[in-house]
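A.B. asks: The structure file data-v1.csv (CSV, C-alpha atoms) is provided below.
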chain,number,residue,atom,x,y,z
A,1336,MET,CA,5.4,19.7,-11.9
A,1337,MET,CA,7.9,17.2,-13.1
A,1338,THR,CA,9.3,15.1,-10.2
A,1339,GLN,CA,13.1,15.1,-9.9
A,1340,ILE,CA,15.6,13.3,-7.6
A,1341,ASP,CA,19.1,14.0,-6.4
A,1342,PRO,CA,21.6,11.8,-8.4
A,1343,SER,CA,23.2,10.5,-5.2
A,1344,ALA,CA,19.9,9.4,-3.8
A,1345,TYR,CA,18.9,7.8,-7.1
A,1346,GLU,CA,22.2,5.8,-7.0
A,1347,ALA,CA,21.6,4.7,-3.4
A,1348,ALA,CA,18.1,3.5,-4.3
A,1349,HIS,CA,19.6,1.2,-6.9
A,1350,GLN,CA,22.8,0.1,-5.2
A,1351,THR,CA,22.2,0.1,-1.4
A,1352,ALA,CA,18.9,1.3,0.2
A,1353,VAL,CA,17.0,4.5,1.0
A,1354,ILE,CA,14.5,5.6,3.6
A,1355,CYS,CA,11.6,7.9,3.3
A,1356,ASP,CA,9.0,9.3,5.7
A,1357,ARG,CA,5.6,7.9,4.6
A,1358,SER,CA,3.6,9.1,7.6
A,1359,ASP,CA,1.1,10.6,5.2
A,1360,LEU,CA,-0.4,7.1,4.8
A,1361,GLY,CA,-3.6,6.5,6.8
A,1362,MET,CA,-3.9,3.8,9.5
A,1363,LEU,CA,-7.1,2.3,10.9
A,1364,LYS,CA,-7.4,0.1,13.9
A,1365,ILE,CA,-10.3,-2.4,13.7
A,1366,THR,CA,-11.5,-4.7,16.5
A,1367,GLY,CA,-14.5,-6.9,17.1
A,1368,GLU,CA,-15.5,-10.5,16.3
A,1369,THR,CA,-16.6,-9.6,12.7
A,1370,ARG,CA,-13.6,-7.3,11.9
A,1371,LEU,CA,-12.5,-9.6,9.1
A,1372,ASP,CA,-16.0,-10.6,7.8
A,1373,LEU,CA,-17.0,-7.0,6.9
A,1374,ILE,CA,-13.8,-6.2,5.0
A,1375,HIS,CA,-13.9,-9.6,3.3
A,1376,ARG,CA,-17.4,-9.1,2.0
A,1377,MET,CA,-16.6,-5.6,0.8
A,1378,SER,CA,-13.2,-6.0,-0.9
A,1379,THR,CA,-11.4,-8.0,-3.6
A,1380,GLN,CA,-9.2,-10.3,-1.6
A,1381,GLU,CA,-9.8,-13.5,0.4
A,1382,ILE,CA,-8.9,-12.4,3.9
A,1383,ASN,CA,-11.0,-14.6,6.3
A,1384,GLY,CA,-8.7,-16.6,8.5
A,1385,LEU,CA,-5.8,-14.1,8.4
A,1386,GLN,CA,-3.5,-15.1,11.2
A,1387,SER,CA,-1.6,-12.9,13.6
A,1388,GLY,CA,1.6,-11.6,12.0
A,1389,ALA,CA,0.2,-12.1,8.5
A,1390,GLY,CA,-1.1,-9.5,6.1
A,1391,LYS,CA,-2.7,-9.1,2.7
A,1392,ALA,CA,-3.5,-6.3,0.2
A,1393,THR,CA,-7.1,-5.9,-0.8
A,1394,VAL,CA,-9.0,-3.3,-2.9
A,1395,LEU,CA,-12.2,-1.5,-2.0
A,1396,THR,CA,-14.2,-0.9,-5.2
A,1397,THR,CA,-17.5,0.7,-6.2
A,1398,ASP,CA,-20.5,-1.2,-7.4
A,1399,ILE,CA,-19.1,-1.0,-10.9
A,1400,GLY,CA,-15.6,-2.3,-9.9
A,1401,ARG,CA,-13.8,1.1,-9.8
A,1402,ILE,CA,-11.0,1.7,-7.3
A,1403,ILE,CA,-11.8,3.5,-4.0
A,1404,ASP,CA,-8.5,2.7,-2.3
A,1405,ARG,CA,-6.1,-0.2,-1.8
A,1406,LEU,CA,-5.8,-1.3,1.8
A,1407,ILE,CA,-2.9,-3.3,3.3
A,1408,LEU,CA,-4.2,-5.3,6.2
A,1409,TYR,CA,-2.1,-6.5,9.1
A,1410,ALA,CA,-3.5,-9.1,11.5
A,1411,GLY,CA,-2.9,-9.1,15.2
A,1412,ARG,CA,-4.3,-11.5,17.8
A,1413,ASP,CA,-7.6,-9.6,18.2
A,1414,THR,CA,-7.0,-6.6,15.9
A,1415,ILE,CA,-6.7,-5.7,12.3
A,1416,TYR,CA,-4.8,-2.7,11.2
A,1417,ALA,CA,-5.6,-1.2,7.7
A,1418,LEU,CA,-3.0,1.0,5.9
A,1419,THR,CA,-4.8,3.3,3.5
A,1420,GLY,CA,-3.6,5.7,0.8
A,1421,GLU,CA,-2.2,9.1,1.5
A,1422,SER,CA,-4.4,11.2,3.9
A,1423,ASN,CA,-7.3,8.8,3.3
A,1424,GLY,CA,-7.8,7.1,6.7
A,1425,GLU,CA,-10.8,9.2,7.8
A,1426,THR,CA,-12.5,8.9,4.4
A,1427,ILE,CA,-12.2,5.1,4.4
A,1428,ALA,CA,-13.4,4.9,8.0
A,1429,ARG,CA,-16.5,6.7,7.1
A,1430,TYR,CA,-17.0,4.6,4.0
A,1431,LEU,CA,-16.6,1.3,5.9
A,1432,MET,CA,-19.0,2.3,8.7
A,1433,ARG,CA,-21.8,2.8,6.2
A,1434,PHE,CA,-21.8,-1.0,5.7
A,1435,VAL,CA,-21.8,-2.1,9.3
A,1436,PHE,CA,-25.0,-4.1,10.1
A,1437,PHE,CA,-26.8,-4.1,13.4
A,1438,ASN,CA,-25.5,-7.6,14.3
A,1439,ASP,CA,-21.8,-6.8,13.3
A,1440,ASP,CA,-19.3,-6.7,16.1
A,1441,PHE,CA,-17.1,-4.2,14.3
A,1442,HIS,CA,-15.3,-1.2,15.8
A,1443,MET,CA,-12.9,1.2,14.1
A,1444,GLN,CA,-10.5,3.9,15.1
A,1445,ASP,CA,-8.6,6.3,12.9
A,1446,ILE,CA,-5.1,6.3,14.4
A,1447,SER,CA,-3.3,7.9,11.4
A,1448,ALA,CA,-2.2,10.9,13.5
A,1449,GLU,CA,-0.8,8.6,16.1
A,1450,THR,CA,1.2,6.4,13.7
A,1451,ALA,CA,4.6,7.1,12.1
A,1452,VAL,CA,5.6,5.3,9.0
A,1453,PHE,CA,9.0,5.0,7.3
A,1454,ALA,CA,9.6,3.2,4.0
A,1455,VAL,CA,12.9,1.4,3.1
A,1456,TYR,CA,13.7,0.4,-0.4
A,1457,GLY,CA,16.7,-1.0,-2.3
A,1458,PRO,CA,18.8,-4.2,-2.9
A,1459,GLN,CA,20.6,-3.9,0.4
A,1460,ALA,CA,17.5,-3.3,2.6
A,1461,VAL,CA,17.5,-6.8,4.1
A,1462,HIS,CA,21.2,-6.5,5.1
A,1463,ILE,CA,20.9,-3.0,6.5
A,1464,LEU,CA,17.7,-3.7,8.5
A,1465,GLY,CA,19.0,-7.0,9.9
A,1466,GLU,CA,22.7,-6.3,10.5
A,1467,GLN,CA,22.8,-2.6,11.1
A,1468,ALA,CA,19.3,-1.8,12.5
A,1469,GLY,CA,19.1,-5.1,14.4
A,1470,PHE,CA,15.7,-6.3,13.3
A,1471,PRO,CA,15.7,-10.0,14.4
A,1472,GLU,CA,13.5,-11.2,11.5
A,1473,VAL,CA,13.6,-9.5,8.2
A,1474,LYS,CA,13.0,-12.2,5.6
A,1475,ILE,CA,9.3,-12.4,6.0
A,1476,PRO,CA,6.5,-12.9,3.3
A,1477,LEU,CA,5.0,-10.0,1.5
A,1478,HIS,CA,2.7,-7.9,3.7
A,1479,HIS,CA,3.6,-9.9,6.8
A,1480,TRP,CA,4.9,-8.0,9.9
A,1481,ARG,CA,7.0,-8.5,13.0
A,1482,GLU,CA,7.3,-6.5,16.2
A,1483,ALA,CA,10.8,-5.7,17.6
A,1484,GLU,CA,12.5,-3.5,20.2
A,1485,ILE,CA,14.9,-1.3,18.1
A,1486,GLY,CA,17.1,1.3,19.7
A,1487,GLY,CA,14.9,1.4,22.7
A,1488,THR,CA,11.8,1.9,20.6
A,1489,THR,CA,8.9,-0.6,19.9
A,1490,ALA,CA,8.9,-0.8,16.1
A,1491,TYR,CA,6.9,-2.9,13.6
A,1492,LEU,CA,8.6,-4.1,10.4
A,1493,HIS,CA,6.2,-4.8,7.5
A,1494,ARG,CA,7.3,-6.3,4.2
A,1495,THR,CA,5.7,-4.3,1.4
A,1496,ASP,CA,5.7,-3.9,-2.4
A,1497,PRO,CA,9.3,-3.9,-3.6
A,1498,ILE,CA,11.3,-1.1,-5.3
A,1499,ASN,CA,14.7,-2.2,-6.6
A,1500,GLY,CA,14.5,-5.6,-5.0
A,1501,PHE,CA,12.9,-5.0,-1.6
A,1502,GLY,CA,10.4,-2.9,0.2
A,1503,TYR,CA,9.7,-2.5,3.9
A,1504,TYR,CA,7.6,-0.3,6.2
A,1505,ILE,CA,8.8,0.5,9.6
A,1506,MET,CA,6.1,1.8,11.9
A,1507,CYS,CA,5.9,3.1,15.5
A,1508,GLU,CA,3.8,5.4,17.6
A,1509,ALA,CA,4.1,9.0,16.5
A,1510,ALA,CA,5.5,10.0,20.0
A,1511,GLN,CA,8.5,7.7,19.3
A,1512,LYS,CA,9.0,8.9,15.7
A,1513,ASP,CA,12.0,11.2,16.4
A,1514,ALA,CA,13.8,8.5,18.5
A,1515,LEU,CA,13.3,5.8,15.8
A,1516,GLN,CA,14.4,8.2,13.0
A,1517,GLN,CA,17.5,9.1,14.9
A,1518,PHE,CA,18.4,5.5,15.5
A,1519,LEU,CA,17.8,4.6,11.8
A,1520,GLY,CA,19.9,7.6,10.9
A,1521,GLN,CA,22.9,5.8,12.3
A,1522,THR,CA,22.6,3.1,9.6
A,1523,THR,CA,23.7,3.5,6.0
A,1524,LEU,CA,20.2,4.1,4.8
A,1525,VAL,CA,20.1,7.2,2.6
A,1526,PRO,CA,17.2,9.6,3.4
A,1527,ILE,CA,15.2,10.7,0.4
A,1528,THR,CA,12.3,13.2,-0.1
A,1529,ALA,CA,8.7,12.4,-0.8
A,1530,GLU,CA,9.3,13.7,-4.4
A,1531,ALA,CA,12.2,11.2,-4.8
A,1532,PHE,CA,10.0,8.3,-3.6
A,1533,ASP,CA,7.4,9.3,-6.2
A,1534,LEU,CA,10.0,9.0,-8.9
A,1535,LEU,CA,11.2,5.6,-7.7
A,1536,ARG,CA,7.7,4.2,-7.4
A,1537,ILE,CA,6.9,5.4,-10.9
A,1538,GLU,CA,10.0,3.8,-12.2
A,1539,ALA,CA,8.9,0.6,-10.4
A,1540,GLY,CA,5.4,0.8,-11.9
A,1541,LEU,CA,3.6,1.0,-8.6
A,1542,PRO,CA,0.2,2.7,-8.7
A,1543,ARG,CA,-0.7,5.5,-6.2
A,1544,LEU,CA,-3.9,6.9,-4.8
A,1545,GLY,CA,-5.1,9.9,-6.7
A,1546,HIS,CA,-3.0,8.9,-9.8
A,1547,GLU,CA,-3.6,5.3,-10.9
A,1548,LEU,CA,-5.8,4.3,-7.9
A,1549,THR,CA,-8.9,6.2,-8.7
A,1550,GLU,CA,-12.5,5.6,-9.7
A,1551,ALA,CA,-11.4,5.9,-13.4
A,1552,TYR,CA,-9.9,2.4,-13.2
A,1553,ILE,CA,-10.6,-1.1,-12.0
A,1554,PRO,CA,-7.9,-3.1,-10.0
A,1555,LEU,CA,-6.9,-5.3,-13.0
A,1556,GLU,CA,-6.2,-2.2,-15.1
A,1557,ALA,CA,-3.9,-0.9,-12.4
A,1558,ASN,CA,-2.0,-4.2,-12.3
A,1559,LEU,CA,-3.4,-5.3,-8.9
A,1560,TRP,CA,-4.1,-8.8,-10.0
A,1561,ASP,CA,-2.4,-10.3,-6.8
A,1562,ASP,CA,-4.9,-8.3,-4.7
A,1563,VAL,CA,-7.9,-9.9,-6.3
A,1564,SER,CA,-9.4,-13.3,-5.5
A,1565,PHE,CA,-11.3,-15.0,-8.3
A,1566,THR,CA,-12.5,-17.8,-6.1
A,1567,LYS,CA,-14.1,-16.0,-3.1
A,1568,GLY,CA,-17.8,-15.1,-2.9
A,1569,CYS,CA,-19.4,-11.9,-3.7
A,1570,TYR,CA,-18.1,-8.5,-2.8
A,1571,ILE,CA,-18.9,-5.0,-4.0
A,1572,GLY,CA,-17.9,-4.7,-7.7
A,1573,GLN,CA,-17.2,-8.4,-8.0
A,1574,GLU,CA,-19.4,-9.0,-11.1
A,1575,ILE,CA,-17.7,-6.4,-13.2
A,1576,ILE,CA,-14.1,-7.5,-12.2
A,1577,ALA,CA,-14.9,-11.2,-12.8
A,1578,ARG,CA,-16.4,-10.5,-16.2
A,1579,MET,CA,-13.3,-8.6,-17.3
A,1580,GLU,CA,-11.0,-11.3,-16.1
A,1581,SER,CA,-13.0,-14.1,-17.7
A,1582,ARG,CA,-13.2,-12.3,-21.1
A,1583,GLY,CA,-9.5,-11.5,-20.9
A,1584,LYS,CA,-10.0,-8.1,-22.3
A,1585,LEU,CA,-9.2,-5.0,-20.3
A,1586,ALA,CA,-10.3,-1.6,-21.6
A,1587,LYS,CA,-7.2,0.0,-20.1
A,1588,ARG,CA,-3.8,-1.1,-18.8
A,1589,LEU,CA,-1.2,0.6,-16.7
A,1590,VAL,CA,2.1,0.8,-18.6
A,1591,LYS,CA,5.4,2.6,-18.3
A,1592,LEU,CA,6.5,5.0,-21.1
A,1593,ALA,CA,9.8,6.7,-21.8
A,1594,PRO,CA,9.0,9.8,-23.8
A,1595,ASP,CA,11.6,11.9,-25.6
A,1596,THR,CA,10.3,15.1,-24.1
A,1597,MET,CA,8.9,16.2,-20.7
A,1598,VAL,CA,5.2,15.4,-20.2
A,1599,GLU,CA,2.7,16.6,-17.7
A,1600,ILE,CA,0.3,14.6,-15.6
A,1601,GLY,CA,-3.1,14.6,-17.3
A,1602,ALA,CA,-1.6,14.9,-20.8
A,1603,ALA,CA,-3.4,12.8,-23.4
A,1604,ILE,CA,-1.5,10.1,-25.2
A,1605,SER,CA,-2.4,9.6,-28.9
A,1606,GLY,CA,-1.6,6.9,-31.4
A,1607,GLY,CA,-2.8,6.3,-34.9
A,1608,GLY,CA,-4.8,9.5,-34.8
A,1609,LYS,CA,-6.7,8.4,-31.7
A,1610,ASN,CA,-6.6,9.2,-28.0
A,1611,VAL,CA,-5.2,6.0,-26.5
A,1612,GLY,CA,-4.4,6.9,-22.9
A,1613,THR,CA,-3.6,9.5,-20.3
A,1614,VAL,CA,-0.4,10.3,-18.3
A,1615,THR,CA,-1.3,9.5,-14.7
A,1616,SER,CA,2.2,10.1,-13.2
A,1617,ALA,CA,5.4,11.7,-14.5
A,1618,ALA,CA,9.0,12.0,-13.3
Let's see the structure in the file written out as structure tokens.
C.D. replies:
Amino acid sequence: MMTQIDPSAYEAAHQTAVICDRSDLGMLKITGETRLDLIHRMSTQEINGLQSGAGKATVLTTDIGRIIDRLILYAGRDTIYALTGESNGETIARYLMRFVFFNDDFHMQDISAETAVFAVYGPQAVHILGEQAGFPEVKIPLHHWREAEIGGTTAYLHRTDPINGFGYYIMCEAAQKDALQQFLGQTTLVPITAEAFDLLRIEAGLPRLGHELTEAYIPLEANLWDDVSFTKGCYIGQEIIARMESRGKLAKRLVKLAPDTMVEIGAAISGGGKNVGTVTSAA
């Protein structure tokens, strides 16, 4: 199906800011003394030493460097929270637990069902979240987070990948979701559907689990260069990814196309009489 969007919502996304329910994303709570060590040795990013209030994106890959999922990690004082792709919390939890050694102090809980997630995007996101919603600190680094009492609800503001200038996640306990949603509904944020979000993220060139984030591609091919450290030690899939970076030759590359006619996901792209690619998302 071709993803479509209401024209007024599209205009708001480009001129003010929009809000979308993203509670389909998975959330894992990780504790223990080696909580960072295990993810560090398994994923692409340098995450040891991550301080409370900070965050980073990292990618889990297979032994041949193919994408399993992209995690966004948020550090607390004695806890790490890992945001996974859509409906993927349980799968990632099972995968990570396979690599826990007998001497690891690593404990994990899937709290996806207990966590509500809203996403806010647009050029006026900072103004609306700060001046209208009352978040005391909005201008924070990418993937960092802050806790605040908003409209009587304990909420967590996370800076995330931008769409049309800015991107934020607002999270709370699922039990407080309706109250937070009602409070945010009093601002000028324009609600959009999940389908509308998909169009906007395609327009912004952001990859998504099950589309561009699959075992068909490595992180560099999905434009996740910032999620990969080329100076850290070994991790699963490191040799393949490092080799492709050092040679400067990627077999595939994520690009945006503007075809003259409607296209379907999975359609082959040909050029010069050869198959040169595949449509992974369409809107």
A.B. asks: What does the structure give for the distance between CA of Glu1508 (chain A) and CA of Ala1539 (chain A), in Å to one decimal?
C.D. replies: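 Here the two named atoms are 28.9 Å from each other.
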A.B. asks: Neighbouring residues of region 1399-1405 of chain A were defined as those with any atom within 6 Å, considering only C-alpha atoms; residues of the same chain fewer than 5 positions away were excluded. Please report them as a ChimeraX atom specification.
C.D. replies: /A:1393-1394,1548-1550,1552-1553,1572,1575-1576
A.B. asks: Would you pick out the contacts of Asn1383 (chain A) at 8 Å or less, using all atoms listed in the file, so that residues sharing its chain but fewer than 5 positions from it are not included, and give the list as a list in words?
C.D. replies: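 The contact residues come out as Leu1371, Asp1372 and His1375 of chain A.
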A.B. asks: Which residue, A:Asp1513, A:Glu1599, A:Asp1496, A:Glu1556, has the smallest gap to Ile1407 (chain A) when you use all atoms listed in the file?
C.D. replies: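 Of A:Asp1513, A:Glu1599, A:Asp1496, A:Glu1556, the one nearest Ile1407 (chain A) is A:Asp1496, counting all atoms listed in the file.
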A.B. asks: Name the residues, using the chain letters and numbers of the file, that sit within 6 Å of (13.0, 2.9, 0.7) when counting all atoms listed in the file, and give them as a list of chain:residue names.
C.D. replies: A:Val1353, A:Ile1354, A:Cys1355, A:Ala1454, A:Val1455, A:Tyr1456
A.B. asks: Fewer than 4 positions away in the same chain doesn't count, so skip those; otherwise give me all residues within 8 Å of Gly1457 (chain A), counting all atoms listed in the file, as an mmCIF file with C-alpha atoms, in the frame of the given file.
C.D. replies:
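Final file, selection21.cif:
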data_model
loop_
_atom_site.group_PDB
_atom_site.id
_atom_site.type_symbol
_atom_site.label_atom_id
_atom_site.label_comp_id
_atom_site.auth_asym_id
_atom_site.auth_seq_id
_atom_site.Cartn_x
_atom_site.Cartn_y
_atom_site.Cartn_z
ATOM 1 C CA ALA A 1347 21.600 4.700 -3.400
ATOM 2 C CA ALA A 1348 18.100 3.500 -4.300
ATOM 3 C CA HIS A 1349 19.600 1.200 -6.900
ATOM 4 C CA GLN A 1350 22.800 0.100 -5.200
ATOM 5 C CA THR A 1351 22.200 0.100 -1.400
ATOM 6 C CA ALA A 1352 18.900 1.300 0.200
ATOM 7 C CA VAL A 1353 17.000 4.500 1.000
ATOM 8 C CA ILE A 1498 11.300 -1.100 -5.300
ATOM 9 C CA ASN A 1499 14.700 -2.200 -6.600
ATOM 10 C CA GLY A 1500 14.500 -5.600 -5.000
ATOM 11 C CA PHE A 1501 12.900 -5.000 -1.600
ATOM 12 C CA GLY A 1502 10.400 -2.900 0.200
#
A.B. asks: Nearest residue to Leu1363 (chain A) out of A:Gly1388, A:Ala1417, A:Leu1395, A:Tyr1409, using all atoms listed in the file?
C.D. replies: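 Smallest separation from Leu1363 (chain A) among the options: A:Ala1417.
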A.B. asks: Given all atoms listed in the file as the basis, pick out the residue of A:Met1377, A:Arg1588, A:Asp1413, A:Ala1448 nearest to Arg1433 (chain A).
C.D. replies: A:Met1377
A.B. asks: Considering only C-alpha atoms, return as a ChimeraX atom specification whatever protein or nucleic-acid residues lie within 9 Å of His1478 (chain A), sequence-local ones (same chain, fewer than 2 positions apart) excluded.
C.D. replies: /A:1389-1392,1407-1409,1475-1476,1480,1493-1496,1503
A.B. asks: With C-alpha atoms kept, could you save the residues just selected as a CSV table (one decimal), keeping the file's coordinate frame?
C.D. replies:
chain,number,residue,atom,x,y,z
A,1389,ALA,CA,0.2,-12.1,8.5
A,1390,GLY,CA,-1.1,-9.5,6.1
A,1391,LYS,CA,-2.7,-9.1,2.7
A,1392,ALA,CA,-3.5,-6.3,0.2
A,1407,ILE,CA,-2.9,-3.3,3.3
A,1408,LEU,CA,-4.2,-5.3,6.2
A,1409,TYR,CA,-2.1,-6.5,9.1
A,1475,ILE,CA,9.3,-12.4,6.0
A,1476,PRO,CA,6.5,-12.9,3.3
A,1480,TRP,CA,4.9,-8.0,9.9
A,1493,HIS,CA,6.2,-4.8,7.5
A,1494,ARG,CA,7.3,-6.3,4.2
A,1495,THR,CA,5.7,-4.3,1.4
A,1496,ASP,CA,5.7,-3.9,-2.4
A,1503,TYR,CA,9.7,-2.5,3.9
A.B. asks: Work out how far CA of Leu1544 (chain A) is from CA of Ile1427 (chain A), in Å to one decimal.
C.D. replies: 12.5 Å
A.B. asks: With distances taken over only C-alpha atoms, which residue among A:Thr1489, A:Thr1615, A:Ser1422, A:Asn1610 lies nearest Leu1592 (chain A)?
C.D. replies: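 Going through A:Thr1489, A:Thr1615, A:Ser1422, A:Asn1610 one by one, the smallest distance to Leu1592 (chain A) is for A:Thr1615.
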A.B. asks: Could you name the residues that touch Ala1603 (chain A) at 8 Å or less, counting only C-alpha atoms, but leaving out those on the same chain fewer than 6 positions away, as a ChimeraX atom specification?
C.D. replies: /A:1610-1614
A.B. asks: Between A:Ile1365, A:Ile1463, A:Met1597, A:Leu1431, single out the one closest to Tyr1416 (chain A), counting only C-alpha atoms.
C.D. replies: A:Ile1365
A.B. asks: Counting only C-alpha atoms, figure out which residue out of A:Pro1542, A:Pro1594, A:Gly1583, A:Pro1497 gets nearest to Pro1554 (chain A).
C.D. replies: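 That would be A:Pro1542, the residue with the smallest distance to Pro1554 (chain A).
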A.B. asks: In Å, with one decimal, what is the gap from CA of Glu1466 (chain A) to CA of Thr1522 (chain A)?
C.D. replies: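 Between CA of Glu1466 (chain A) and CA of Thr1522 (chain A) the gap works out to 9.4 Å.
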